[in-house]
$ cat query_32.txt   # compact mmCIF, C-alpha atoms
# COMPACT_ATOMS: atom_id res chain seq x y z
CA MET A 1 -192.89 13.86 -98.02
CA SER A 2 -190.14 16.25 -99.10
CA ASP A 3 -191.44 19.52 -97.68
CA LEU A 4 -193.70 20.75 -94.93
CA PRO A 5 -197.38 21.16 -95.82
CA ARG A 6 -197.40 24.95 -95.98
CA ASN A 7 -200.94 25.63 -97.12
CA ALA A 8 -203.04 26.74 -94.13
CA VAL A 9 -206.10 24.81 -95.38
CA THR A 10 -204.06 21.62 -95.67
CA ARG A 11 -202.58 22.10 -92.21
CA SER A 12 -206.00 22.80 -90.68
CA ALA A 13 -207.36 19.68 -92.32
CA LYS A 14 -204.57 17.59 -90.83
CA LEU A 15 -205.14 19.04 -87.38
CA ALA A 16 -208.87 18.46 -87.72
CA ALA A 17 -208.17 14.86 -88.66
CA LEU A 18 -207.12 14.10 -85.10
CA PRO A 19 -210.58 14.22 -83.47
CA LEU A 20 -212.29 12.98 -86.63
CA GLY A 21 -209.90 10.05 -86.81
CA PHE A 22 -210.59 9.23 -83.18
CA ALA A 23 -214.33 9.25 -83.85
CA GLY A 24 -213.83 6.92 -86.79
CA ARG A 25 -211.78 4.49 -84.75
CA THR A 26 -214.39 4.60 -81.99
CA ALA A 27 -217.03 3.54 -84.49
CA LEU A 28 -214.72 0.81 -85.76
CA GLY A 29 -214.21 -0.31 -82.19
CA LEU A 30 -217.95 -0.56 -81.61
CA GLY A 31 -218.15 -2.94 -84.54
CA LYS A 32 -215.37 -5.07 -83.09
CA ARG A 33 -217.12 -5.14 -79.72
CA ILE A 34 -220.28 -6.43 -81.41
CA GLY A 35 -218.04 -9.00 -83.06
CA GLY A 36 -216.90 -10.28 -79.68
CA LYS A 37 -213.82 -8.33 -78.54
CA SER A 38 -213.95 -7.04 -74.97
CA ALA A 39 -214.53 -3.32 -74.34
CA GLU A 40 -211.19 -3.06 -72.55
CA ILE A 41 -209.18 -4.52 -75.43
CA VAL A 42 -211.01 -2.40 -77.99
CA ALA A 43 -210.49 0.77 -75.93
CA GLN A 44 -206.79 0.01 -75.66
CA GLU A 45 -206.51 -0.59 -79.41
CA ILE A 46 -208.31 2.69 -80.12
CA GLN A 47 -206.00 4.61 -77.80
CA GLU A 48 -202.88 3.03 -79.28
CA ARG A 49 -203.92 3.81 -82.86
CA THR A 50 -204.90 7.35 -81.84
CA ALA A 51 -201.46 7.82 -80.28
CA ALA A 52 -199.81 6.59 -83.46
CA GLN A 53 -201.87 8.98 -85.59
CA ILE A 54 -201.09 11.91 -83.28
CA PHE A 55 -197.37 11.19 -83.67
CA LYS A 56 -197.63 10.88 -87.43
CA ILE A 57 -199.67 14.05 -88.01
CA LEU A 58 -197.87 16.30 -85.54
CA GLY A 59 -194.55 14.98 -86.81
CA GLU A 60 -195.43 15.72 -90.43
CA LEU A 61 -196.73 19.18 -89.63
CA LYS A 62 -193.70 20.03 -87.49
CA GLY A 63 -193.75 23.79 -86.86
CA GLY A 64 -195.95 24.99 -84.00
CA ALA A 65 -198.04 21.84 -84.05
CA MET A 66 -194.96 19.74 -83.45
CA LYS A 67 -194.00 22.01 -80.55
CA LEU A 68 -197.46 21.40 -79.10
CA GLY A 69 -196.80 17.68 -79.33
CA GLN A 70 -193.46 18.04 -77.58
CA ALA A 71 -195.15 20.03 -74.83
CA LEU A 72 -197.74 17.27 -74.43
CA SER A 73 -194.95 14.70 -74.17
CA ILE A 74 -193.59 16.56 -71.13
CA PHE A 75 -196.92 17.01 -69.39
CA GLU A 76 -198.03 13.41 -69.86
CA ALA A 77 -196.56 12.91 -66.39
CA ALA A 78 -199.56 14.86 -65.09
CA LEU A 79 -202.09 12.41 -66.56
CA PRO A 80 -203.48 9.50 -64.55
CA SER A 81 -201.76 6.29 -65.61
CA GLU A 82 -204.95 4.68 -66.89
CA ILE A 83 -205.32 7.57 -69.36
CA ALA A 84 -201.67 8.24 -70.17
CA GLY A 85 -200.50 4.64 -70.47
CA PRO A 86 -201.28 4.01 -74.15
CA TYR A 87 -200.04 7.49 -75.13
CA ARG A 88 -196.87 7.59 -73.03
CA ALA A 89 -194.49 5.78 -75.37
CA THR A 90 -195.74 7.64 -78.44
CA LEU A 91 -195.64 11.06 -76.80
CA THR A 92 -192.18 10.42 -75.37
CA ARG A 93 -190.93 9.67 -78.90
CA LEU A 94 -191.85 13.26 -79.79
CA GLN A 95 -189.17 14.47 -77.39
CA ASP A 96 -186.39 13.07 -79.58
CA ALA A 97 -187.67 12.46 -83.08
CA ALA A 98 -190.17 13.18 -85.80
CA PRO A 99 -190.63 11.63 -89.26
CA PRO A 100 -187.50 12.82 -91.12
CA LEU A 101 -187.06 14.53 -94.46
CA PRO A 102 -185.58 12.32 -97.21
CA ALA A 103 -181.91 12.60 -98.15
CA ALA A 104 -182.67 14.25 -101.50
CA THR A 105 -184.40 17.15 -99.76
CA VAL A 106 -181.58 17.45 -97.22
CA HIS A 107 -179.02 17.66 -100.04
CA ARG A 108 -181.11 20.27 -101.85
CA VAL A 109 -181.32 22.44 -98.73
CA LEU A 110 -177.58 22.17 -98.13
CA ALA A 111 -176.84 23.10 -101.75
CA GLU A 112 -179.16 26.12 -101.50
CA GLU A 113 -177.64 27.24 -98.19
CA LEU A 114 -173.97 26.30 -98.57
CA GLY A 115 -173.49 26.12 -102.33
CA ASP A 116 -173.27 23.25 -104.79
CA ASP A 117 -169.90 22.28 -103.32
CA TRP A 118 -171.34 21.89 -99.81
CA GLN A 119 -169.87 18.39 -99.47
CA GLU A 120 -166.34 19.86 -99.49
CA ASN A 121 -167.02 21.16 -95.97
CA PHE A 122 -167.22 17.59 -94.68
CA LEU A 123 -165.02 14.52 -94.70
CA SER A 124 -168.23 12.51 -94.28
CA PHE A 125 -171.94 13.24 -93.90
CA ASP A 126 -174.55 10.77 -92.65
CA ASP A 127 -177.78 11.15 -94.65
CA ARG A 128 -179.73 9.47 -91.86
CA PRO A 129 -180.89 12.08 -89.35
CA ALA A 130 -179.66 11.59 -85.81
CA ALA A 131 -182.64 13.60 -84.53
CA ALA A 132 -185.67 15.27 -86.07
CA ALA A 133 -187.76 17.79 -84.21
CA SER A 134 -190.08 20.77 -84.65
CA ILE A 135 -188.39 23.04 -87.19
CA GLY A 136 -185.20 21.21 -88.11
CA GLN A 137 -183.36 17.93 -88.10
CA VAL A 138 -179.80 17.03 -87.11
CA HIS A 139 -177.27 14.96 -89.04
CA ARG A 140 -173.99 13.56 -87.81
CA ALA A 141 -170.95 14.44 -89.90
CA VAL A 142 -167.17 14.90 -89.81
CA TRP A 143 -165.99 18.47 -90.44
CA HIS A 144 -163.18 19.06 -92.91
CA ASP A 145 -160.66 19.35 -90.04
CA GLY A 146 -161.62 15.95 -88.62
CA ARG A 147 -163.93 17.07 -85.81
CA GLU A 148 -167.21 15.19 -85.32
CA VAL A 149 -170.06 17.65 -85.76
CA ALA A 150 -173.84 17.98 -85.58
CA VAL A 151 -175.38 19.64 -88.63
CA LYS A 152 -178.79 21.16 -87.90
CA ILE A 153 -180.85 21.85 -91.02
CA GLN A 154 -184.06 23.87 -91.00
CA TYR A 155 -187.02 22.30 -92.76
CA PRO A 156 -188.07 24.00 -96.01
CA GLY A 157 -191.13 26.11 -95.27
CA ALA A 158 -190.69 25.87 -91.49
CA GLY A 159 -191.16 29.62 -91.05
CA LYS A 160 -194.48 29.77 -92.87
CA ALA A 161 -195.69 26.64 -91.10
CA LEU A 162 -194.77 27.99 -87.68
CA ILE A 163 -196.49 31.32 -88.25
CA SER A 164 -199.56 29.57 -89.67
CA ASP A 165 -199.85 27.38 -86.57
CA PHE A 166 -199.62 30.31 -84.19
CA ASN A 167 -202.11 32.35 -86.20
CA GLN A 168 -204.53 29.45 -85.77
CA LEU A 169 -203.86 29.41 -82.03
CA ALA A 170 -204.51 33.17 -81.87
CA ARG A 171 -208.01 32.58 -83.24
CA LEU A 172 -208.73 30.59 -80.08
CA GLY A 173 -208.00 33.64 -77.93
CA LYS A 174 -211.63 34.37 -77.15
CA LEU A 175 -212.16 30.79 -76.00
CA PHE A 176 -209.17 31.00 -73.64
CA GLY A 177 -210.44 34.39 -72.45
CA ALA A 178 -213.80 32.92 -71.49
CA LEU A 179 -212.16 30.08 -69.58
CA LEU A 180 -209.50 32.26 -67.94
CA PRO A 181 -210.91 35.76 -67.39
CA GLY A 182 -207.80 36.86 -65.48
CA LEU A 183 -205.45 36.12 -68.38
CA ASP A 184 -204.38 38.66 -71.01
CA VAL A 185 -204.48 36.04 -73.75
CA LYS A 186 -203.61 38.35 -76.64
CA ALA A 187 -200.40 39.56 -75.00
CA VAL A 188 -199.33 36.04 -74.03
CA LEU A 189 -199.85 34.62 -77.52
CA ALA A 190 -198.10 37.60 -79.15
CA GLU A 191 -195.07 37.21 -76.88
CA LEU A 192 -194.92 33.45 -77.41
CA LYS A 193 -195.15 33.87 -81.17
CA ASP A 194 -192.36 36.47 -81.20
CA ARG A 195 -190.07 34.28 -79.16
CA VAL A 196 -190.76 31.11 -81.13
CA VAL A 197 -190.25 32.90 -84.45
CA GLU A 198 -186.76 33.79 -83.17
CA GLU A 199 -186.00 30.08 -83.34
CA LEU A 200 -186.11 30.32 -87.13
CA ASP A 201 -182.93 32.43 -87.14
CA TYR A 202 -179.99 30.08 -86.66
CA PHE A 203 -177.62 33.05 -86.38
CA LEU A 204 -179.40 34.00 -83.13
CA GLU A 205 -179.22 30.40 -81.96
CA ALA A 206 -175.50 30.24 -82.76
CA GLU A 207 -174.90 33.42 -80.77
CA ALA A 208 -176.74 32.03 -77.76
CA GLN A 209 -175.12 28.60 -77.92
CA HIS A 210 -171.63 30.08 -78.16
CA ALA A 211 -172.31 32.28 -75.11
CA PHE A 212 -173.39 29.21 -73.11
CA ALA A 213 -170.40 27.19 -74.35
CA VAL A 214 -167.98 29.90 -73.19
CA ALA A 215 -169.70 30.37 -69.81
CA PHE A 216 -169.74 26.62 -69.07
CA LYS A 217 -166.34 25.75 -70.57
CA ASP A 218 -164.54 23.12 -68.45
CA ASP A 219 -167.45 23.07 -65.99
CA PRO A 220 -167.48 19.95 -63.77
CA ASP A 221 -171.26 19.53 -64.11
CA PHE A 222 -172.15 20.62 -67.66
CA ARG A 223 -171.02 20.39 -71.28
CA VAL A 224 -172.30 22.72 -74.00
CA PRO A 225 -171.00 21.95 -77.52
CA ASP A 226 -169.61 25.06 -79.19
CA VAL A 227 -170.59 26.48 -82.57
CA ILE A 228 -168.35 25.83 -85.59
CA ALA A 229 -170.31 27.47 -88.42
CA ALA A 230 -173.76 28.93 -89.03
CA ASN A 231 -176.05 30.79 -91.38
CA GLU A 232 -179.78 31.52 -91.19
CA HIS A 233 -180.89 27.93 -91.85
CA VAL A 234 -177.88 25.66 -91.18
CA LEU A 235 -176.01 25.34 -87.88
CA VAL A 236 -172.85 23.27 -87.37
CA THR A 237 -171.76 22.52 -83.79
CA GLU A 238 -169.52 20.12 -81.94
CA TRP A 239 -170.96 16.63 -81.54
CA ILE A 240 -171.47 15.11 -78.08
CA ASP A 241 -172.34 11.52 -77.23
CA GLY A 242 -174.42 10.57 -74.24
CA THR A 243 -177.61 8.98 -72.98
CA PRO A 244 -180.73 11.01 -73.88
CA LEU A 245 -182.67 12.16 -70.85
CA SER A 246 -185.72 10.36 -72.23
CA LYS A 247 -183.73 7.11 -71.95
CA VAL A 248 -182.73 7.98 -68.38
CA ILE A 249 -186.44 8.52 -67.62
CA THR A 250 -187.41 5.06 -68.87
CA ASP A 251 -184.35 2.97 -68.01
CA GLY A 252 -182.16 4.94 -65.57
CA GLY A 253 -181.46 3.77 -62.04
CA ARG A 254 -182.38 5.80 -58.98
CA GLU A 255 -178.94 7.42 -58.58
CA GLU A 256 -178.74 8.41 -62.26
CA ARG A 257 -182.26 9.87 -62.28
CA ASP A 258 -181.63 11.83 -59.08
CA ARG A 259 -178.40 13.29 -60.46
CA ALA A 260 -179.98 14.12 -63.82
CA GLY A 261 -182.83 16.01 -62.16
CA LEU A 262 -180.52 17.91 -59.82
CA LEU A 263 -178.20 18.94 -62.68
CA LEU A 264 -181.15 20.01 -64.83
CA THR A 265 -182.38 22.23 -61.97
CA ARG A 266 -178.91 23.65 -61.36
CA PHE A 267 -178.41 24.43 -65.05
CA LEU A 268 -181.73 26.23 -65.41
CA PHE A 269 -181.38 28.25 -62.20
CA SER A 270 -177.71 29.15 -62.66
CA SER A 271 -177.73 30.15 -66.33
CA PRO A 272 -179.23 33.66 -65.92
CA ALA A 273 -176.45 34.57 -63.45
CA ARG A 274 -173.68 32.91 -65.46
CA VAL A 275 -174.74 33.73 -69.03
CA GLY A 276 -177.50 36.34 -68.81
CA MET A 277 -179.81 33.89 -70.61
CA LEU A 278 -182.23 31.11 -69.71
CA HIS A 279 -182.50 27.93 -71.82
CA ALA A 280 -186.21 28.06 -72.63
CA ASP A 281 -186.89 24.62 -74.11
CA PRO A 282 -186.18 22.07 -71.36
CA HIS A 283 -187.68 18.93 -72.87
CA PRO A 284 -185.68 15.70 -72.46
CA GLY A 285 -184.56 15.54 -76.10
CA ASN A 286 -182.31 18.54 -75.46
CA PHE A 287 -180.26 16.91 -72.69
CA ARG A 288 -177.75 14.05 -72.49
CA MET A 289 -176.11 12.36 -69.53
CA LEU A 290 -172.46 12.06 -70.56
CA PRO A 291 -170.20 9.13 -69.62
CA ASP A 292 -168.23 11.37 -67.24
CA GLY A 293 -171.40 12.23 -65.26
CA ARG A 294 -171.91 15.70 -66.70
CA LEU A 295 -175.16 16.94 -68.24
CA GLY A 296 -174.83 17.77 -71.92
CA VAL A 297 -177.13 20.55 -73.14
CA LEU A 298 -178.34 21.00 -76.73
CA ASP A 299 -180.62 23.26 -78.79
CA PHE A 300 -180.41 26.93 -77.90
CA GLY A 301 -183.01 28.15 -80.40
CA ALA A 302 -185.35 29.17 -77.59
CA VAL A 303 -183.65 31.31 -74.96
CA ASN A 304 -184.91 34.05 -72.67
CA ARG A 305 -182.40 36.90 -72.63
CA LEU A 306 -182.03 38.12 -69.04
CA PRO A 307 -179.05 40.51 -69.02
CA ASP A 308 -179.73 41.47 -65.40
CA GLY A 309 -180.02 37.84 -64.30
CA TYR A 310 -182.99 35.97 -62.89
CA PRO A 311 -185.84 38.34 -61.86
CA PRO A 312 -185.57 38.72 -58.05
CA VAL A 313 -189.34 39.00 -57.65
CA PHE A 314 -189.76 35.20 -57.74
CA GLY A 315 -187.32 34.51 -54.97
CA ARG A 316 -188.62 37.38 -52.85
CA LEU A 317 -192.28 36.36 -53.16
CA VAL A 318 -191.50 32.70 -52.44
CA ARG A 319 -189.58 33.74 -49.33
CA LEU A 320 -192.47 35.97 -48.20
CA PHE A 321 -194.94 33.15 -48.86
CA ASN A 322 -192.87 30.80 -46.70
CA GLN A 323 -192.88 33.47 -43.98
CA GLY A 324 -196.69 33.65 -44.13
CA ASP A 325 -196.90 37.23 -45.42
CA MET A 326 -199.72 36.70 -47.92
CA ASP A 327 -200.74 40.37 -48.01
CA THR A 328 -197.32 41.35 -49.37
CA VAL A 329 -197.35 38.36 -51.73
CA VAL A 330 -200.67 39.51 -53.24
CA GLU A 331 -199.37 43.07 -53.43
CA GLY A 332 -196.24 41.84 -55.25
CA LEU A 333 -198.25 39.69 -57.66
CA ARG A 334 -200.39 42.70 -58.53
CA ALA A 335 -197.33 44.91 -59.03
CA GLU A 336 -195.84 42.38 -61.47
CA GLY A 337 -199.11 41.91 -63.36
CA PHE A 338 -199.90 38.36 -62.22
CA ILE A 339 -203.17 39.73 -60.82
CA ARG A 340 -204.74 42.33 -63.09
CA PRO A 341 -206.23 45.52 -61.53
CA HIS A 342 -209.89 44.59 -62.07
CA ILE A 343 -209.55 41.08 -60.58
CA GLU A 344 -210.52 40.26 -57.01
CA ILE A 345 -208.62 37.36 -55.41
CA ASP A 346 -209.57 35.03 -52.57
CA VAL A 347 -206.32 35.17 -50.57
CA GLU A 348 -206.83 31.84 -48.79
CA ALA A 349 -207.66 30.12 -52.07
CA LEU A 350 -204.50 31.62 -53.57
CA ARG A 351 -202.46 30.37 -50.61
CA ALA A 352 -203.86 26.86 -51.05
CA PHE A 353 -203.15 26.93 -54.79
CA LEU A 354 -199.54 28.14 -54.44
CA ALA A 355 -198.56 25.99 -51.45
CA PRO A 356 -197.68 22.77 -53.35
CA TYR A 357 -195.52 24.64 -55.87
CA VAL A 358 -193.57 26.34 -53.08
CA GLU A 359 -193.17 23.12 -51.08
CA PRO A 360 -189.82 22.07 -52.69
CA THR A 361 -188.28 25.28 -51.26
CA GLN A 362 -189.49 24.56 -47.71
CA VAL A 363 -187.77 21.24 -47.09
CA GLU A 364 -184.15 20.12 -47.21
CA GLU A 365 -184.94 17.35 -49.70
CA PHE A 366 -187.93 16.92 -52.02
CA SER A 367 -189.18 14.07 -54.20
CA PHE A 368 -190.90 14.94 -57.46
CA SER A 369 -193.33 12.32 -58.74
CA ARG A 370 -196.05 11.76 -61.30
CA GLU A 371 -198.57 11.46 -58.47
CA TRP A 372 -197.56 14.85 -57.05
CA LEU A 373 -197.84 16.47 -60.49
CA GLN A 374 -201.20 14.84 -61.14
CA ALA A 375 -202.57 16.42 -57.98
CA GLN A 376 -201.29 19.87 -59.03
CA ALA A 377 -202.61 19.44 -62.57
CA ALA A 378 -206.07 18.54 -61.25
CA SER A 379 -206.12 21.79 -59.28
CA ALA A 380 -204.75 23.95 -62.10
CA THR A 381 -207.13 22.57 -64.74
CA ASP A 382 -210.27 22.84 -62.61
CA LEU A 383 -212.04 25.63 -64.51
CA ARG A 384 -215.03 26.05 -62.20
CA PRO A 385 -215.73 29.76 -61.54
CA THR A 386 -214.52 29.42 -57.95
CA ASN A 387 -211.03 28.19 -58.91
CA VAL A 388 -208.49 30.93 -58.22
CA VAL A 389 -206.31 29.91 -61.17
CA ARG A 390 -208.95 31.27 -63.57
CA HIS A 391 -208.27 34.75 -62.22
CA LEU A 392 -204.49 34.78 -62.48
CA ASN A 393 -202.59 36.40 -65.36
CA LEU A 394 -199.29 35.50 -67.01
CA PRO A 395 -197.48 38.75 -67.90
CA ALA A 396 -195.92 38.62 -71.35
CA THR A 397 -192.42 39.22 -69.97
CA TYR A 398 -192.71 36.04 -67.88
CA VAL A 399 -194.03 33.74 -70.62
CA LEU A 400 -190.74 31.95 -71.27
CA ILE A 401 -189.82 31.78 -67.58
CA HIS A 402 -193.18 30.14 -66.86
CA ARG A 403 -192.64 27.77 -69.78
CA VAL A 404 -189.29 26.73 -68.29
CA HIS A 405 -190.73 26.29 -64.79
CA ALA A 406 -193.69 24.22 -65.96
CA ALA A 407 -191.73 22.05 -68.40
CA GLY A 408 -188.83 21.62 -65.98
CA VAL A 409 -191.16 20.40 -63.23
CA GLY A 410 -192.72 18.00 -65.73
CA VAL A 411 -189.31 16.50 -66.51
CA LEU A 412 -188.40 16.25 -62.82
CA CYS A 413 -191.64 14.35 -62.21
CA GLN A 414 -190.92 12.02 -65.13
CA LEU A 415 -187.50 11.36 -63.63
CA GLY A 416 -188.96 10.95 -60.14
CA THR A 417 -185.99 12.90 -58.82
CA THR A 418 -185.25 13.23 -55.10
CA ALA A 419 -182.68 15.90 -54.31
CA ARG A 420 -181.82 19.02 -52.29
CA PHE A 421 -183.63 21.52 -54.51
CA ARG A 422 -183.83 24.17 -51.79
CA ASP A 423 -180.03 24.45 -51.87
CA GLU A 424 -180.17 25.33 -55.58
CA VAL A 425 -182.79 28.00 -54.94
CA LEU A 426 -180.75 29.44 -52.09
CA THR A 427 -177.65 29.59 -54.27
CA TRP A 428 -179.01 30.84 -57.55
CA VAL A 429 -182.41 32.53 -57.19
CA PRO A 430 -182.05 36.20 -56.17
CA GLY A 431 -184.33 37.41 -53.41
CA PHE A 432 -184.86 34.02 -51.80
CA ALA A 433 -181.95 34.33 -49.38
CA ASP A 434 -180.05 37.24 -47.87
CA GLU A 435 -178.17 39.29 -50.45
CA GLU A 436 -174.76 38.31 -49.12
CA ASN A 437 -175.51 34.65 -49.94
CA GLN A 438 -176.46 35.37 -53.56
CA ARG A 439 -174.34 34.89 -56.66
CA PRO A 440 -173.90 38.18 -58.57
CA ALA A 441 -175.95 38.92 -61.67
CA PRO A 442 -174.00 38.93 -64.95
CA ALA A 443 -172.56 42.14 -66.26
CA SER A 444 -174.92 43.90 -68.64
$ encode --input "query_32.txt" --output "C-alpha cells"
Amino acid sequence: MSDLPRNAVTRSAKLAALPLGFAGRTALGLGKRIGGKSAEIVAQEIQERTAAQIFKILGELKGGAMKLGQALSIFEAALPSEIAGPYRATLTRLQDAAPPLPAATVHRVLAEELGDDWQENFLSFDDRPAAAASIGQVHRAVWHDGREVAVKIQYPGAGKALISDFNQLARLGKLFGALLPGLDVKAVLAELKDRVVEELDYFLEAEAQHAFAVAFKDDPDFRVPDVIAANEHVLVTEWIDGTPLSKVITDGGREERDRAGLLLTRFLFSSPARVGMLHADPHPGNFRMLPDGRLGVLDFGAVNRLPDGYPPVFGRLVRLFNQGDMDTVVEGLRAEGFIRPHIEIDVEALRAFLAPYVEPTQVEEFSFSREWLQAQAASATDLRPTNVVRHLNLPATYVLIHRVHAAGVGVLCQLGTTARFRDEVLTWVPGFADEENQRPAPAS
C-alpha cells in the first residue's frame, strides 16, 4: 500500500473486520477440533492469528486506530497471562513498528515537501524505515554536514485518517456515558482529539523537542536529540543509538530494568519544572537506554504544555490521602472536577479504590509488577453500579496528565521495576512535600 486508506467507509470496514475475522477463525477452529486437534491447540492458533490480524489492520490504518493499538500494547501488562500470552509479542511490536510505506511513496513525499532536489540535503538516505508508527515513519540518513540524522516523514493522508478515527470514537460517547455516568465523555474526547491533532504539525513538535533538548543538554541522566530542520510534515533531528525500552522489557537484566524505570519516572515528573512541558506519549518505542547509562527520549509530537509546572493539586491530595484526611480529599476532587456536582460518592469505597495507586508514595521502595497492575485493572474495569470508578470524572484539562500516569505505570509494570519512587515524588511533585523542599516551577 502506498497511502493510508482515507475513506471512512473503508476504514470502518477494516475495523469491523477484527471481530468478524475472529468469528471466522473460531468457526475454522471448530472444524479443526472435529478433525482431531485439541481445544487448547486450536484456541492458541486462533489467538495467534487474531493477534497477527490486529497488528496488520491497525498498522495499515495507522492514525487514531494505530494509537489505540499502541495503547493496548502498553496495557497488556494488566491482562492475565493466560489471556495476554498469545497477544503479547504482537502487541509489543506495535510499540516500535508498523507496516512501512514503500520507498517510492517516501521519495514522493520528500519531493513534495522539500523539493525535487531533496536528496541534496543528505549525503546518504536509507530507504528502509528505522521505525514506523501511528502517523509517520523514521528513516536514518546523513545530513549534508556529515551528522547522522533521523528523518521523520508524515504519512500521506494521516490528518484525514486521524480525524476520521476520532470522529468514529466520538459516536461511541453515549455508550461510554451509560457505562460511566460520572464521566463528561464529550469534553474528554474533544480534548483528546485537539491534542492528538496537534501531533500532525511537525513545527509544533520541533518547537517542543528543541525546548527539551536545551533543558536537558549535558544532563547526566537523559539525552534528547536536538532538531536540525523541520516543516509541517518532515522533521530532521539528531540520531541517537541505544537499546529500545521494549528490548529492555523482554531481555534486560534486573539492574537495567530498575534503572530504566527509575529514569522514566524521573523524566516524566521533572519535565514540567524543567521545561514547562510534559512528554505525553510514554510508550516504550519512544525511549532508548544509551550505552553510557542515560535514557534517550524521542518523539515530542504529544506534549502537555504546563507553563506553571506540574499541577500542585495532585501532590497535595496524595499527601492528604496519606494523612487520612479523606473529607478534604473528596472536597479537593470536587473542586478540580474529578467528582461532578450531581454525583454522590461512597467515601470508603473511594479510599479503597485510590489506596493501591497511592501506595508507591507511602514506602521507601516499591516494586511494580504485572500482578499488581492486574489487580488494579480488575478493580477499575468492574462496571457494576456499585463500583466507585463509574462515578468519577476526568476533567478535560487533565486528560494528557492521566494518559501519562496510566501509560507510565503500564511501562513500569512491564519492566517490573523496583526503585525509590517516593523520592522522585518528594523532589518533583509540588504539594507533596513542604514548599521549601520543592524544585521551583519554570518561568512563564
$ residues_around --input "query_32.txt" --residues "stretch 114-130 of chain A" --least-positions-apart "2" --cutoff "6 Å" --atoms "only C-alpha atoms" --output "list in words"
Ala103, Leu110, Ala111, Glu112, Val138, His139, Arg140, Ala141, Val142, Trp143 and His144 of chain A
$ closest_atom_pairs --input "query_32.txt" --of "stretch 390-432 of chain A" --to "stretch 192-197 of chain A" --cutoff "9 Å" --atoms "all atoms listed in the file" --output "CSV"
residue,atom,partner,partner_atom,distance
A:Ala396,CA,A:Leu192,CA,8.0
A:Val399,CA,A:Leu192,CA,6.9
A:Leu400,CA,A:Leu192,CA,7.6
$ residues_near_point --input "query_32.txt" --point "(-199.2, 21.5, -56.0)" --cutoff "7 Å" --atoms "all atoms listed in the file" --output "PyMOL selection string"
chain A and resi 353-357+372-373+375-376
$ atom_distance --input "query_32.txt" --atom1 "atom CA of A:Ala419" --atom2 "atom CA of A:Leu290"
19.6 Å
$ residues_around --input "query_32.txt" --residues "A:Val275" --least-positions-apart "6" --cutoff "12 Å" --atoms "all atoms listed in the file" --output "list in words"
Glu207, Ala208, Gln209, His210, Ala211, Phe212, Ala213, Val214, Ala215, Phe216, Lys217, Phe267, Leu268, Phe269, Val303, Asn304, Arg305, Leu306, Pro307, Asp308, Gly309, Tyr310, Pro440, Ala441, Pro442, Ala443 and Ser444 of chain A
$ atom_distance --input "query_32.txt" --atom1 "atom CA of A:Lys152" --atom2 "atom CA of A:Leu278"
21.0 Å
$ closest_residue --input "query_32.txt" --among "A:Arg266, A:Arg403, A:Arg370, A:His391" --to "A:Val425" --atoms "all atoms listed in the file"
A:Arg266
$ closest_residue --input "query_32.txt" --among "A:Ile345, A:Leu412, A:Ala280, A:Glu424" --to "A:Val330" --atoms "all atoms listed in the file"
A:Ile345
$ atom_distance --input "query_32.txt" --atom1 "atom CA of A:Glu336" --atom2 "atom CA of A:Ile401"
13.6 Å
$ closest_residue --input "query_32.txt" --among "A:Gly136, A:Gly159, A:Pro395, A:Gly431" --to "A:Asp299" --atoms "only C-alpha atoms"
A:Gly136
$ residues_around --input "query_32.txt" --residues "stretch 241-258 of chain A" --least-positions-apart "6" --cutoff "6 Å" --atoms "only C-alpha atoms" --output "list in words"
Pro284, Phe287, Arg288, Met289, Leu290, Leu415, Thr417 and Thr418 of chain A
$ residues_around --input "query_32.txt" --residues "A:Thr361" --least-positions-apart "4" --cutoff "12 Å" --atoms "all atoms listed in the file" --output "ChimeraX atom specification"
/A:314-315,317-323,355-357,365-367,419-427,429,432-433
$ residues_around --input "query_32.txt" --residues "A:Asp221" --least-positions-apart "3" --cutoff "8 Å" --atoms "all atoms listed in the file" --output "PyMOL selection string"
chain A and resi 263+293-295
$ write_last_selection --input "query_32.txt" --atoms "C-alpha atoms" --output "mmCIF file, keeping the file's coordinate frame"
data_model
loop_
_atom_site.group_PDB
_atom_site.id
_atom_site.type_symbol
_atom_site.label_atom_id
_atom_site.label_comp_id
_atom_site.auth_asym_id
_atom_site.auth_seq_id
_atom_site.Cartn_x
_atom_site.Cartn_y
_atom_site.Cartn_z
ATOM 1 C CA LEU A 263 -178.200 18.940 -62.680
ATOM 2 C CA GLY A 293 -171.400 12.230 -65.260
ATOM 3 C CA ARG A 294 -171.910 15.700 -66.700
ATOM 4 C CA LEU A 295 -175.160 16.940 -68.240
#
$ closest_residue --input "query_32.txt" --among "A:Leu333, A:Leu392, A:Ile135, A:Cys413" --to "A:Ala260" --atoms "only C-alpha atoms"
A:Cys413
$ closest_residue --input "query_32.txt" --among "A:Ala206, A:Val149, A:Val227, A:Val313" --to "A:Trp239" --atoms "all atoms listed in the file"
A:Val149
$ closest_residue --input "query_32.txt" --among "A:Ala407, A:Arg108, A:Leu394, A:Gly285" --to "A:Lys186" --atoms "only C-alpha atoms"
A:Leu394
